[in-house]
$ cat final06.csv   # CSV, C-alpha atoms
chain,number,residue,atom,x,y,z
A,1,MET,CA,5.0,34.7,41.4
A,2,THR,CA,7.3,31.6,41.8
A,3,GLU,CA,6.2,28.1,42.6
A,4,VAL,CA,5.7,27.6,46.3
A,5,THR,CA,7.7,24.7,47.8
A,6,LEU,CA,5.0,22.3,49.1
A,7,GLN,CA,5.3,20.8,52.6
A,8,GLU,CA,3.6,17.6,53.9
A,9,PRO,CA,0.6,17.1,53.8
A,10,TRP,CA,-0.5,19.9,51.5
A,11,ALA,CA,-1.5,19.0,47.9
A,12,THR,CA,-1.7,22.5,46.5
A,13,ALA,CA,0.0,25.8,47.2
A,14,GLU,CA,-3.3,27.6,47.9
A,15,ARG,CA,-4.3,25.0,50.5
A,16,GLN,CA,-0.9,25.3,52.2
A,17,ARG,CA,-1.2,29.1,52.2
A,18,VAL,CA,-4.6,29.1,53.8
A,19,ALA,CA,-3.4,26.4,56.3
A,20,VAL,CA,-0.4,28.6,57.4
A,21,GLN,CA,-2.6,31.7,57.8
A,22,PHE,CA,-5.3,29.7,59.7
A,23,GLY,CA,-2.8,28.0,62.0
A,24,MET,CA,-1.0,31.2,62.7
A,25,TRP,CA,-4.1,33.2,63.4
A,26,LEU,CA,-5.3,30.4,65.8
A,27,PHE,CA,-2.1,30.8,67.7
A,28,LEU,CA,-2.3,34.6,67.5
A,29,ALA,CA,-5.9,34.3,69.0
A,30,THR,CA,-4.4,32.5,72.0
A,31,GLU,CA,-1.9,35.4,72.2
A,32,THR,CA,-4.7,37.9,72.1
A,33,LEU,CA,-6.3,36.1,75.1
A,34,PHE,CA,-3.0,36.0,76.9
A,35,PHE,CA,-2.4,39.8,76.5
A,36,GLY,CA,-6.1,40.4,76.9
A,37,GLY,CA,-5.8,38.9,80.4
A,38,LEU,CA,-3.0,41.2,81.2
A,39,PHE,CA,-4.9,44.2,79.9
A,40,LEU,CA,-7.8,43.1,82.1
A,41,THR,CA,-5.7,43.3,85.3
A,42,TYR,CA,-4.8,46.9,84.1
A,43,ALA,CA,-8.4,47.8,83.7
A,44,VAL,CA,-9.5,46.4,87.0
A,45,ALA,CA,-6.5,48.0,88.9
A,46,ARG,CA,-7.2,51.3,87.3
A,47,PHE,CA,-10.9,51.1,88.0
A,48,SER,CA,-10.1,50.3,91.7
A,49,HIS,CA,-7.5,53.1,92.2
A,50,PRO,CA,-7.8,55.6,89.4
A,51,ALA,CA,-5.9,58.5,91.0
A,52,GLY,CA,-2.8,56.5,92.1
A,53,PHE,CA,-2.8,54.6,88.9
A,54,VAL,CA,-2.7,57.6,86.6
A,55,ALA,CA,-0.2,59.4,88.9
A,56,ALA,CA,2.1,56.3,88.6
A,57,ALA,CA,1.8,56.3,84.8
A,58,ARG,CA,3.1,59.9,84.8
A,59,GLU,CA,6.5,58.5,85.8
A,60,ALA,CA,6.8,56.3,82.6
A,61,GLU,CA,9.4,57.7,80.2
A,62,ALA,CA,7.2,58.7,77.2
A,63,MET,CA,10.2,59.6,75.1
A,64,PHE,CA,11.6,56.0,75.2
A,65,GLY,CA,8.1,54.7,74.5
A,66,THR,CA,7.6,56.9,71.5
A,67,ILE,CA,11.0,56.2,70.0
A,68,ASN,CA,10.3,52.5,70.4
A,69,THR,CA,6.9,52.9,68.8
A,70,VAL,CA,8.5,54.5,65.7
A,71,VAL,CA,11.1,51.8,65.6
A,72,LEU,CA,8.5,49.0,65.8
A,73,LEU,CA,6.2,50.5,63.2
A,74,THR,CA,9.2,50.9,60.9
A,75,SER,CA,10.1,47.2,61.5
A,76,SER,CA,6.6,46.2,60.5
A,77,LEU,CA,7.0,48.2,57.3
A,78,THR,CA,10.3,46.4,56.5
A,79,MET,CA,8.7,43.1,57.4
A,80,ALA,CA,5.7,43.7,55.2
A,81,ILE,CA,8.0,44.6,52.2
A,82,ALA,CA,10.2,41.6,52.9
A,83,GLU,CA,7.2,39.2,52.9
A,84,ARG,CA,5.8,40.7,49.7
A,85,ALA,CA,9.2,40.6,48.0
A,86,VAL,CA,9.6,36.9,48.8
A,87,ARG,CA,6.3,36.3,47.1
A,88,GLU,CA,7.4,38.2,44.0
A,89,ALA,CA,10.8,36.4,44.0
A,90,LEU,CA,12.7,39.7,44.6
A,91,VAL,CA,15.3,38.0,46.7
A,92,PRO,CA,17.9,40.8,47.3
A,93,LEU,CA,15.2,43.2,48.4
A,94,ALA,CA,13.6,40.5,50.6
A,95,ARG,CA,16.9,39.7,52.3
A,96,ALA,CA,17.8,43.4,52.8
A,97,MET,CA,14.3,44.0,54.4
A,98,PHE,CA,14.6,41.0,56.7
A,99,ALA,CA,18.0,42.3,57.8
A,100,ALA,CA,16.6,45.7,58.4
A,101,THR,CA,13.7,44.2,60.5
A,102,LEU,CA,16.3,42.3,62.5
A,103,MET,CA,18.3,45.4,63.2
A,104,LEU,CA,15.2,47.4,64.1
A,105,GLY,CA,14.1,44.6,66.5
A,106,VAL,CA,17.6,44.8,68.2
A,107,ALA,CA,17.3,48.6,68.3
A,108,PHE,CA,14.0,48.2,70.1
A,109,LEU,CA,15.5,46.0,72.8
A,110,VAL,CA,18.5,48.3,73.2
A,111,VAL,CA,16.2,51.4,73.8
A,112,LYS,CA,14.1,49.2,76.2
A,113,GLY,CA,17.3,48.4,78.1
A,114,PHE,CA,18.1,52.1,78.5
A,115,GLU,CA,14.5,52.7,79.7
A,116,TYR,CA,14.7,49.8,82.2
A,117,ARG,CA,18.0,51.2,83.5
A,118,SER,CA,16.4,54.6,84.0
A,119,ASP,CA,13.3,53.1,85.8
A,120,ILE,CA,15.5,51.0,88.1
A,121,VAL,CA,17.6,54.1,89.0
A,122,LYS,CA,14.4,56.0,89.8
A,123,HIS,CA,13.3,53.1,92.1
A,124,LEU,CA,10.2,52.2,90.1
A,125,VAL,CA,10.3,48.5,90.8
A,126,PRO,CA,7.6,47.5,93.2
A,127,GLY,CA,9.1,46.3,96.5
A,128,PRO,CA,10.8,47.7,99.6
A,129,GLU,CA,12.6,50.5,97.6
A,130,PHE,CA,9.6,51.5,95.6
A,131,THR,CA,9.4,55.3,95.5
A,132,LEU,CA,5.7,56.0,94.9
A,133,SER,CA,3.3,55.9,97.9
A,134,GLN,CA,-0.2,56.3,96.3
A,135,THR,CA,-2.5,53.3,96.4
A,136,GLY,CA,-2.5,51.7,93.0
A,137,ALA,CA,0.9,53.0,92.0
A,138,SER,CA,2.7,49.7,92.6
A,139,GLN,CA,-0.1,47.9,90.6
A,140,PHE,CA,0.7,50.1,87.6
A,141,TRP,CA,4.4,49.4,87.8
A,142,ALA,CA,3.8,45.7,88.4
A,143,PHE,CA,1.8,45.7,85.1
A,144,TYR,CA,4.5,47.8,83.4
A,145,TRP,CA,7.3,45.3,84.2
A,146,THR,CA,5.2,42.2,83.5
A,147,ALA,CA,3.7,43.4,80.2
A,148,THR,CA,6.8,45.0,78.8
A,149,GLY,CA,8.9,42.0,80.0
A,150,VAL,CA,6.6,39.5,78.3
A,151,HIS,CA,6.5,41.7,75.2
A,152,ALA,CA,10.3,41.8,75.1
A,153,CYS,CA,10.3,38.0,75.3
A,154,HIS,CA,8.0,37.9,72.2
A,155,MET,CA,10.5,40.3,70.5
A,156,LEU,CA,13.3,37.9,71.2
A,157,ILE,CA,11.3,35.0,69.7
A,158,GLY,CA,10.5,37.3,66.7
A,159,LEU,CA,14.2,38.0,66.2
A,160,GLY,CA,14.8,34.2,66.1
A,161,VAL,CA,12.0,33.9,63.5
A,162,VAL,CA,13.5,36.7,61.3
A,163,THR,CA,17.0,35.1,61.7
A,164,ARG,CA,15.6,31.8,60.5
A,165,MET,CA,14.3,33.6,57.3
A,166,LEU,CA,17.8,35.1,56.7
A,167,LEU,CA,19.3,31.6,57.0
A,168,ILE,CA,17.2,30.2,54.1
A,169,PRO,CA,19.5,30.0,51.1
A,170,ALA,CA,18.8,32.8,48.5
A,171,ALA,CA,17.9,30.2,45.8
A,172,ASP,CA,15.3,28.6,48.0
A,173,LEU,CA,13.7,31.8,49.3
A,174,PRO,CA,11.2,32.4,46.5
A,175,GLY,CA,9.7,29.0,47.2
A,176,ARG,CA,9.2,29.8,50.9
A,177,SER,CA,6.6,32.5,50.6
A,178,THR,CA,4.2,30.7,53.1
A,179,THR,CA,7.0,30.6,55.7
A,180,ALA,CA,7.6,34.3,55.1
A,181,GLU,CA,3.9,34.9,55.6
A,182,GLY,CA,3.7,33.0,58.9
A,183,SER,CA,6.8,34.8,60.2
A,184,ALA,CA,5.4,38.2,59.2
A,185,LEU,CA,2.1,37.5,60.9
A,186,TYR,CA,4.0,36.8,64.2
A,187,TRP,CA,6.1,40.0,63.8
A,188,HIS,CA,3.1,42.2,63.1
A,189,LEU,CA,1.3,40.9,66.2
A,190,VAL,CA,4.2,41.8,68.4
A,191,ASP,CA,4.0,45.3,66.9
A,192,LEU,CA,0.2,45.4,67.3
A,193,ILE,CA,0.4,44.5,71.0
A,194,TRP,CA,3.0,47.3,71.5
A,195,VAL,CA,0.7,49.9,69.9
A,196,ILE,CA,-1.9,49.1,72.7
A,197,LEU,CA,0.8,49.0,75.4
A,198,TYR,CA,2.1,52.4,74.2
A,199,ALA,CA,-1.4,53.9,74.8
A,200,LEU,CA,-1.9,52.2,78.2
A,201,ILE,CA,1.6,52.9,79.7
A,202,TYR,CA,3.0,56.1,78.1
A,203,LEU,CA,0.0,58.2,77.2
A,204,VAL,CA,-2.5,57.9,80.1
A,205,GLY,CA,-0.5,60.0,82.6
A,206,ARG,CA,0.1,63.1,80.4
B,1,MET,CA,11.1,45.2,39.4
B,2,THR,CA,8.1,46.1,37.3
B,3,ARG,CA,5.9,49.1,38.1
B,4,GLU,CA,3.1,46.8,39.4
B,5,GLN,CA,5.5,45.0,41.6
B,6,ARG,CA,6.8,48.3,43.0
B,7,ALA,CA,3.3,49.4,43.8
B,8,GLN,CA,2.4,46.1,45.5
B,9,VAL,CA,5.6,45.3,47.3
B,10,ILE,CA,6.7,48.8,48.4
B,11,GLY,CA,3.9,51.3,47.6
B,12,GLN,CA,1.0,49.8,49.6
B,13,PRO,CA,3.1,49.1,52.8
B,14,LEU,CA,4.5,52.6,52.6
B,15,ARG,CA,1.1,54.2,52.5
B,16,VAL,CA,0.0,52.1,55.5
B,17,PHE,CA,3.2,53.2,57.3
B,18,ALA,CA,2.5,56.8,56.6
B,19,GLY,CA,-1.0,56.4,58.1
B,20,LEU,CA,0.4,54.7,61.2
B,21,LEU,CA,2.9,57.6,61.7
B,22,ALA,CA,0.2,60.2,61.3
B,23,LEU,CA,-1.9,58.4,63.9
B,24,LEU,CA,1.1,58.3,66.2
B,25,LEU,CA,1.6,62.0,65.8
B,26,VAL,CA,-2.1,62.6,66.6
B,27,THR,CA,-2.1,60.5,69.7
B,28,PHE,CA,1.2,61.9,71.0
B,29,GLY,CA,0.1,65.5,70.4
B,30,TYR,CA,-3.3,65.0,72.0
B,31,ALA,CA,-1.8,63.3,75.1
B,32,TYR,CA,0.3,66.5,75.7
B,33,LEU,CA,-2.5,68.9,74.9
B,34,PRO,CA,-3.2,70.8,78.2
B,35,GLY,CA,-6.7,70.2,79.5
B,36,GLY,CA,-7.7,68.0,76.6
B,37,PRO,CA,-10.8,65.9,77.5
B,38,LEU,CA,-11.2,62.1,77.4
B,39,LYS,CA,-7.4,61.6,77.0
B,40,THR,CA,-7.5,57.8,77.8
B,41,GLU,CA,-10.4,57.2,75.5
B,42,VAL,CA,-8.7,59.1,72.6
B,43,ALA,CA,-5.4,57.3,73.2
B,44,LEU,CA,-7.2,53.9,73.1
B,45,ALA,CA,-9.3,54.8,70.1
B,46,VAL,CA,-6.2,55.8,68.1
B,47,ALA,CA,-4.5,52.6,69.3
B,48,ALA,CA,-7.5,50.6,68.0
B,49,ALA,CA,-7.3,52.5,64.6
B,50,LYS,CA,-3.5,51.7,64.4
B,51,ALA,CA,-4.2,48.0,65.3
B,52,LEU,CA,-6.9,47.9,62.6
B,53,LEU,CA,-4.5,49.2,60.0
B,54,ILE,CA,-1.9,46.7,61.0
B,55,ALA,CA,-4.3,43.7,61.0
B,56,THR,CA,-6.1,44.7,57.8
B,57,PHE,CA,-3.1,45.6,55.6
B,58,PHE,CA,0.2,44.4,57.1
B,59,MET,CA,-1.4,41.1,58.3
B,60,GLN,CA,-3.5,41.0,55.1
B,61,LEU,CA,-6.8,40.2,56.6
B,62,ARG,CA,-8.3,42.2,53.8
B,63,GLN,CA,-7.3,39.5,51.2
B,64,ALA,CA,-7.8,36.5,53.6
B,65,VAL,CA,-10.5,33.9,53.2
B,66,TRP,CA,-13.4,34.0,55.7
B,67,LEU,CA,-12.0,30.9,57.6
B,68,VAL,CA,-8.9,32.9,58.4
B,69,ARG,CA,-10.8,36.1,59.3
B,70,LEU,CA,-13.0,34.0,61.7
B,71,ALA,CA,-9.9,32.6,63.4
B,72,ALA,CA,-8.6,36.2,63.8
B,73,LEU,CA,-11.9,37.4,65.2
B,74,GLY,CA,-12.2,34.4,67.5
B,75,GLY,CA,-9.4,35.8,69.9
B,76,LEU,CA,-11.1,39.2,70.1
B,77,VAL,CA,-14.6,37.7,70.7
B,78,TRP,CA,-13.3,35.5,73.6
B,79,ALA,CA,-11.3,38.4,75.0
B,80,CYS,CA,-14.6,40.5,75.0
B,81,PHE,CA,-16.3,37.8,77.1
B,82,LEU,CA,-13.5,38.2,79.6
B,83,TYR,CA,-14.1,41.9,79.9
B,84,ILE,CA,-17.9,41.7,79.8
B,85,ILE,CA,-18.1,39.1,82.5
B,86,THR,CA,-15.5,40.8,84.8
B,87,PHE,CA,-17.0,44.3,84.5
B,88,SER,CA,-20.6,43.1,84.8
B,89,ASP,CA,-19.5,42.2,88.3
B,90,TYR,CA,-17.3,45.2,89.1
B,91,LEU,CA,-19.7,47.8,87.7
B,92,THR,CA,-22.7,46.4,89.5
B,93,ARG,CA,-21.3,46.1,93.0

$ encode --input "final06.csv" --output "structure tokens"
Amino acid sequence: MTEVTLQEPWATAERQRVAVQFGMWLFLATETLFFGGLFLTYAVARFSHPAGFVAAAREAEAMFGTINTVVLLTSSLTMAIAERAVREALVPLARAMFAATLMLGVAFLVVKGFEYRSDIVKHLVPGPEFTLSQTGASQFWAFYWTATGVHACHMLIGLGVVTRMLLIPAADLPGRSTTAEGSALYWHLVDLIWVILYALIYLVGR
Amino acid sequence: MTREQRAQVIGQPLRVFAGLLALLLVTFGYAYLPGGPLKTEVALAVAAAKALLIATFFMQLRQAVWLVRLAALGGLVWACFLYIITFSDYLTR
């Protein structure tokens, strides 16, 4: 393991590491509450209109959702390897894995784009042209657009975070293991949220 | 790269990834099983298992100090309050 580059105000590498983990997890706890609120609207809407809600979920494109789940799980694997490689000063491996994570993140958004296009063509956007008539159907699709849209925004931020890791000069990278750890925590949370969204959106109507 | 480094840097994340893919296969297969009971419950239980794997190994809560584990748990505990209070109203109307 290489010496960690100390940032203000930390006196030791271990203190800095715990501070980064603690700070990131506090932020991720607010994210848990944010998405928790969204999931609560899902639970209440489904509780109120179970039949219409599940019928609406049947229209979600499970194939796109499943492909994107595999893509995101793989990106979490590459991110986990990248973060550990930084800690072990395996710079070429770390950079290759950060680049792979970036590409998988872009692939996720491209697949999402195709899925959105298909949903729009099928008139699954709540509003005057909305195609489903059951009570609760528009609530499911309002949840779909809100939750996946907000998740995609998180992905975009994640792509920025990974790009930032790639911009750190190779010689400096081994000293930035705490930065890598903070970045990885954020990326994995975006993956974790998707795992729950996958179950709520793509699996319930089958 | 030494053998130890390979096991730590690549081996452990690969094993977790294999577990996640296996769970994905289970949840996808069960969702399409004709007439399978409790589909939503099973889908959510598998999602929770996947989330636990990600948090424990990829997010390294397994090695984290208790202060960090508490911060991680904090979000979940407060989210639980949100659900308990809301559904204590809805389920008792």

$ residues_around --input "final06.csv" --residues "segment 75-83 of chain B" --least-positions-apart "2" --cutoff "8 Å" --atoms "all atoms listed in the file" --output "PyMOL selection string"
(chain A and resi 26+28-33+36-37+40) or (chain B and resi 71-73+85-87)

$ closest_atom_pairs --input "final06.csv" --of "segment 98-119 of chain A" --to "segment 152-176 of chain A" --cutoff "8 Å" --atoms "only C-alpha atoms" --output "tab-separated table"
residue	atom	partner	partner_atom	distance
A:Phe98	CA	A:Val162	CA	6.4
A:Ala99	CA	A:Leu166	CA	7.3
A:Thr101	CA	A:Val162	CA	7.5
A:Leu102	CA	A:Leu159	CA	6.0
A:Gly105	CA	A:Leu159	CA	6.6
A:Val106	CA	A:Leu159	CA	7.9
A:Leu109	CA	A:Ala152	CA	7.1

$ interface_residues --input "final06.csv" --of "chain B" --to "chain A" --cutoff "6 Å" --atoms "only C-alpha atoms" --output "PyMOL selection string"
chain B and resi 9-10+31-32+40+43+47+51+58-59+68+71-72+75+79

$ closest_residue --input "final06.csv" --among "A:Ser183, A:Ser138, A:Ser177, A:Ser75" --to "Ala45 of chain A" --atoms "all atoms listed in the file"
A:Ser138

$ residues_around --input "final06.csv" --residues "segment 110-121 of chain A" --least-positions-apart "6" --cutoff "12 Å" --atoms "all atoms listed in the file" --output "short mmCIF file (atom, residue, chain, number, x, y, z; two decimals) with C-alpha atoms, keeping the file's coordinate frame"
data_model
loop_
_atom_site.label_atom_id
_atom_site.label_comp_id
_atom_site.auth_asym_id
_atom_site.auth_seq_id
_atom_site.Cartn_x
_atom_site.Cartn_y
_atom_site.Cartn_z
CA ALA A 56 2.10 56.30 88.60
CA ALA A 57 1.80 56.30 84.80
CA GLU A 59 6.50 58.50 85.80
CA ALA A 60 6.80 56.30 82.60
CA GLU A 61 9.40 57.70 80.20
CA ALA A 62 7.20 58.70 77.20
CA MET A 63 10.20 59.60 75.10
CA PHE A 64 11.60 56.00 75.20
CA GLY A 65 8.10 54.70 74.50
CA THR A 66 7.60 56.90 71.50
CA ILE A 67 11.00 56.20 70.00
CA ASN A 68 10.30 52.50 70.40
CA THR A 69 6.90 52.90 68.80
CA VAL A 70 8.50 54.50 65.70
CA VAL A 71 11.10 51.80 65.60
CA LEU A 72 8.50 49.00 65.80
CA MET A 103 18.30 45.40 63.20
CA LEU A 104 15.20 47.40 64.10
CA GLY A 127 9.10 46.30 96.50
CA GLU A 129 12.60 50.50 97.60
CA PHE A 130 9.60 51.50 95.60
CA THR A 131 9.40 55.30 95.50
CA TRP A 141 4.40 49.40 87.80
CA TYR A 144 4.50 47.80 83.40
CA TRP A 145 7.30 45.30 84.20
CA THR A 148 6.80 45.00 78.80
CA GLY A 149 8.90 42.00 80.00
CA HIS A 151 6.50 41.70 75.20
CA ALA A 152 10.30 41.80 75.10
CA CYS A 153 10.30 38.00 75.30
CA MET A 155 10.50 40.30 70.50
CA LEU A 156 13.30 37.90 71.20
#

$ closest_residue --input "final06.csv" --among "A:Tyr42, A:Val91, A:Thr179, A:Thr12" --to "Phe143 of chain A" --atoms "all atoms listed in the file"
A:Tyr42

$ residues_near_point --input "final06.csv" --point "(-10.1, 63.8, 72.2)" --cutoff "10 Å" --atoms "all atoms listed in the file" --output "VMD selection string"
chain B and resid 26 to 27 30 to 31 33 36 to 43 45 to 46

$ write_last_selection --input "final06.csv" --atoms "C-alpha atoms" --output "PDB file, in the frame of the given file"
ATOM      1  CA  VAL B  26      -2.100  62.600  66.600  1.00  0.00           C
ATOM      2  CA  THR B  27      -2.100  60.500  69.700  1.00  0.00           C
ATOM      3  CA  TYR B  30      -3.300  65.000  72.000  1.00  0.00           C
ATOM      4  CA  ALA B  31      -1.800  63.300  75.100  1.00  0.00           C
ATOM      5  CA  LEU B  33      -2.500  68.900  74.900  1.00  0.00           C
ATOM      6  CA  GLY B  36      -7.700  68.000  76.600  1.00  0.00           C
ATOM      7  CA  PRO B  37     -10.800  65.900  77.500  1.00  0.00           C
ATOM      8  CA  LEU B  38     -11.200  62.100  77.400  1.00  0.00           C
ATOM      9  CA  LYS B  39      -7.400  61.600  77.000  1.00  0.00           C
ATOM     10  CA  THR B  40      -7.500  57.800  77.800  1.00  0.00           C
ATOM     11  CA  GLU B  41     -10.400  57.200  75.500  1.00  0.00           C
ATOM     12  CA  VAL B  42      -8.700  59.100  72.600  1.00  0.00           C
ATOM     13  CA  ALA B  43      -5.400  57.300  73.200  1.00  0.00           C
ATOM     14  CA  ALA B  45      -9.300  54.800  70.100  1.00  0.00           C
ATOM     15  CA  VAL B  46      -6.200  55.800  68.100  1.00  0.00           C
TER      16      VAL B  46
END

$ decode --input "final06.csv" --residues "segment 166-182 of chain A" --atoms "N, CA and C atoms" --output "compact mmCIF listing (two decimals), in the first residue's frame"
# COMPACT_ATOMS: atom_id res chain seq x y z
N LEU A 166 -10.26 9.75 -13.61
CA LEU A 166 -9.39 9.51 -14.78
C LEU A 166 -8.48 10.70 -15.06
N LEU A 167 -8.90 11.89 -14.59
CA LEU A 167 -8.10 13.09 -14.86
C LEU A 167 -6.94 13.25 -13.87
N ILE A 168 -6.94 12.47 -12.80
CA ILE A 168 -5.83 12.55 -11.84
C ILE A 168 -4.59 11.94 -12.51
N PRO A 169 -3.45 12.67 -12.55
CA PRO A 169 -2.25 12.14 -13.20
C PRO A 169 -1.85 10.79 -12.61
N ALA A 170 -1.37 9.89 -13.49
CA ALA A 170 -1.05 8.51 -13.08
C ALA A 170 -0.13 8.48 -11.86
N ALA A 171 0.84 9.39 -11.83
CA ALA A 171 1.82 9.38 -10.74
C ALA A 171 1.18 9.73 -9.40
N ASP A 172 0.11 10.54 -9.45
CA ASP A 172 -0.55 10.97 -8.20
C ASP A 172 -1.62 9.97 -7.73
N LEU A 173 -2.06 9.09 -8.63
CA LEU A 173 -3.22 8.24 -8.34
C LEU A 173 -3.06 7.36 -7.08
N PRO A 174 -1.89 6.71 -6.87
CA PRO A 174 -1.78 5.86 -5.68
C PRO A 174 -2.00 6.61 -4.36
N GLY A 175 -1.70 7.91 -4.34
CA GLY A 175 -1.90 8.69 -3.12
C GLY A 175 -3.34 9.12 -2.91
N ARG A 176 -4.20 8.85 -3.91
CA ARG A 176 -5.58 9.34 -3.83
C ARG A 176 -6.58 8.23 -3.56
N SER A 177 -6.17 7.27 -2.73
CA SER A 177 -7.06 6.12 -2.50
C SER A 177 -8.34 6.53 -1.76
N THR A 178 -8.26 7.56 -0.90
CA THR A 178 -9.50 7.96 -0.21
C THR A 178 -10.47 8.63 -1.19
N THR A 179 -9.92 9.36 -2.18
CA THR A 179 -10.78 9.96 -3.21
C THR A 179 -11.47 8.85 -4.00
N ALA A 180 -10.67 7.81 -4.34
CA ALA A 180 -11.24 6.68 -5.08
C ALA A 180 -12.34 6.00 -4.27
N GLU A 181 -12.11 5.89 -2.97
CA GLU A 181 -13.08 5.21 -2.11
C GLU A 181 -14.40 5.99 -2.05
N GLY A 182 -14.30 7.31 -1.89
CA GLY A 182 -15.51 8.16 -1.87
C GLY A 182 -16.26 8.06 -3.19
